[in-house]
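Colleague: Right, I'll just put the structure down here and ask away after.
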Amino acid sequence: MKKVRIGVLASGRGSNLQAIIDNIEKGRLSAELAVVISDQADAFALERARKHGIPAVPAGAKGFKDKREEYDALLVKELQKRSVDIVCLAGFMRIITPVLIKAFPNRILNIHPSLLPAFPGLHVQKKALDCGVKFSGCTVHFVDEGMDTGPIIIQAVAPVLDNDTEDSLSERILKQEHKIYSRAIQLYAEGRLRIEGRRVFVTEGRTTADEFLINP
């Protein structure tokens, strides 16, 4: 199987990036990291990339405050220069524009720390706790032009405990993020994802219908 070439866009510490790196190095993921790009020059994600011999590109966005399309054109140039197959957003704190989306149609993945379509955007664990939900989780989805609205590939569920804080719930969900992001990439690499409208179907996916979670 040909390894899928990944371009990662990150803004912060890059823990999901590290999980992808680890799974590649352990042979669990048929992929290679072609480049890691960050809009923050001091992002620890870049240091993680350098440590593993992955091209790390700081691409500051300060001069592009009102020129989002121009900034995304810069990203497209960097990604295409390295023959990237898919783009993975890993804590990338910018809303991307159609310039990037059209350059990689149905080839941009994002991970979000809620069970979409519930709680898009920021501060999602506070929203979950304020709403009193009994389950939260995370979602890997294809990126479209909306805010966390793209077709859903895979989700993981985490129970909300009575004594949870934003931090404790976020940490529990993050552990699931590290699992399912690589899983979604592997499904893409194997050519097993098919998009039909708002739904993503997985070839030879699970079909068991009687599995339920109850909390409390």
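Ordered as shown in the structure tokens, chains take letters A, B, and onward, while each chain numbers its residues from 1 and ligands are numbered from 1 in the order shown.
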Could you pull the residues within 12 Å of Glu47 (chain A), counting only C-alpha atoms, minus those fewer than 3 positions along the same chain, as number ranges by chain?
Modeller: A: 10-15, 17-18, 36-38, 40-44, 50-58
Colleague: Find the residues near Val99 (chain A): any atom within 12 Å, counting only C-alpha atoms, skip ones fewer than 2 places away on the same chain, and give them as a count of residues only.
Modeller: 21
Colleague: Tell me, as a PyMOL selection string, which residues lie within 6 Å of region 159-169 of chain A, counting only C-alpha atoms; anything in the same chain fewer than 4 positions away does not count.
Modeller: chain A and resi 125-126+134-135
Colleague: Taking only C-alpha atoms into account, name the residue in A:Cys131, A:Tyr181, A:Leu213, A:Glu171 that is nearest to Val157 (chain A).
Modeller: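 Looking at the shortest contact to Val157 (chain A), the residue is A:Leu213.
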Colleague: Just want the 9 Å neighbourhood of Ala184 (chain A), counted on only C-alpha atoms, with same-chain residues fewer than 4 positions away dropped. Output as a PyMOL selection string.
Modeller: chain A and resi 109+140-141+153-154+180+188-189+193
Colleague: I need the residues in region 135-181 of chain A that are alpha helix (DSSP H) according to DSSP; give them as a PyMOL selection string.
Modeller: chain A and resi 166-181
Colleague: Keeping only N, CA, C and O atoms, write the selected residues to a file as a compact mmCIF listing (two decimals), in the first residue's frame.
Modeller:
# COMPACT_ATOMS: atom_id res chain seq x y z
N GLU A 166 -13.58 21.45 33.36
CA GLU A 166 -13.22 21.59 31.94
C GLU A 166 -11.90 20.87 31.66
O GLU A 166 -11.77 20.17 30.64
N ASP A 167 -10.94 21.01 32.57
CA ASP A 167 -9.63 20.41 32.35
C ASP A 167 -9.69 18.89 32.40
O ASP A 167 -9.09 18.21 31.55
N SER A 168 -10.37 18.34 33.39
CA SER A 168 -10.40 16.88 33.51
C SER A 168 -11.16 16.24 32.35
O SER A 168 -10.74 15.20 31.83
N LEU A 169 -12.25 16.85 31.92
CA LEU A 169 -13.00 16.32 30.79
C LEU A 169 -12.19 16.44 29.50
O LEU A 169 -12.15 15.50 28.69
N SER A 170 -11.52 17.57 29.34
CA SER A 170 -10.69 17.77 28.14
C SER A 170 -9.59 16.73 28.06
O SER A 170 -9.30 16.19 26.99
N GLU A 171 -8.96 16.43 29.22
CA GLU A 171 -7.86 15.47 29.25
C GLU A 171 -8.34 14.07 28.90
O GLU A 171 -7.67 13.33 28.17
N ARG A 172 -9.52 13.71 29.39
CA ARG A 172 -10.05 12.38 29.08
C ARG A 172 -10.40 12.26 27.60
O ARG A 172 -10.15 11.24 26.97
N ILE A 173 -10.95 13.33 27.05
CA ILE A 173 -11.29 13.31 25.63
C ILE A 173 -10.03 13.30 24.76
O ILE A 173 -9.99 12.65 23.72
N LEU A 174 -9.00 14.02 25.19
CA LEU A 174 -7.76 14.08 24.42
C LEU A 174 -7.17 12.70 24.19
O LEU A 174 -6.63 12.41 23.12
N LYS A 175 -7.29 11.82 25.17
CA LYS A 175 -6.78 10.45 25.02
C LYS A 175 -7.49 9.73 23.88
O LYS A 175 -6.89 8.94 23.16
N GLN A 176 -8.78 10.02 23.71
CA GLN A 176 -9.52 9.42 22.61
C GLN A 176 -9.16 10.07 21.26
O GLN A 176 -9.13 9.40 20.23
N GLU A 177 -8.89 11.37 21.30
CA GLU A 177 -8.46 12.06 20.08
C GLU A 177 -7.21 11.39 19.50
O GLU A 177 -7.10 11.19 18.29
N HIS A 178 -6.28 11.05 20.39
CA HIS A 178 -5.03 10.46 19.95
C HIS A 178 -5.24 9.11 19.27
O HIS A 178 -4.43 8.69 18.45
N LYS A 179 -6.33 8.45 19.59
CA LYS A 179 -6.63 7.15 18.98
C LYS A 179 -7.34 7.31 17.63
O LYS A 179 -6.97 6.69 16.64
N ILE A 180 -8.38 8.15 17.62
CA ILE A 180 -9.23 8.13 16.43
C ILE A 180 -8.69 8.94 15.26
O ILE A 180 -9.06 8.67 14.12
N TYR A 181 -7.81 9.90 15.52
CA TYR A 181 -7.28 10.68 14.39
C TYR A 181 -6.47 9.77 13.47
O TYR A 181 -6.65 9.75 12.25
Colleague: What is the CA of Pro151 (chain A)-CA of Arg199 (chain A) distance in Å, reported with one decimal?
Modeller: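 Between CA of Pro151 (chain A) and CA of Arg199 (chain A) the gap is 5.7 Å.
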Colleague: Just the number, please: distance in Å from CA of Leu33 (chain A) to CA of Ile21 (chain A), one decimal.
Modeller: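 Spanning CA of Leu33 (chain A) to CA of Ile21 (chain A) is a straight-line distance of 7.7 Å.
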Colleague: What does the distance between CA of Leu29 (chain A) and CA of Ile195 (chain A) come to in Å, to one decimal place?
Modeller: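 Taking CA of Leu29 (chain A) and CA of Ile195 (chain A), their separation equals 21.7 Å.
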Colleague: Run DSSP on the backbone of this structure and report the residues of region 19-201 of chain A it assigns to strand (DSSP E or B), as a PyMOL selection string.
Modeller: chain A and resi 31-38+56-58+86-90+108-112+135-142+152-159+193-196+199-201
Colleague: Quick one: residues within 12 Å of Arg194 (chain A), only C-alpha atoms counted, chain neighbours fewer than 4 positions away excluded, as a list in words?
Modeller: Asn106, Phe142, Pro151, Ile152, Ile153, Leu187, Tyr188, Glu190, Arg198, Arg199, Val200, Phe201, Val202, Thr203, Glu204 and Gly205 of chain A
Colleague: Of the candidates A:Met93, A:Ile86, A:Met1, A:Leu79, which shows the shortest atom-to-atom distance to Asp39 (chain A), using only C-alpha atoms?
Modeller: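 Selected residue with least distance to Asp39 (chain A): A:Met93.
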Colleague: Nearest to Glu196 (chain A) among A:Gly137, A:Asp130, A:Ile108, A:Gly150, with distances taken over only C-alpha atoms: which residue is it?
Modeller: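 Among the listed residues, the smallest separation from Glu196 (chain A) belongs to A:Gly150.
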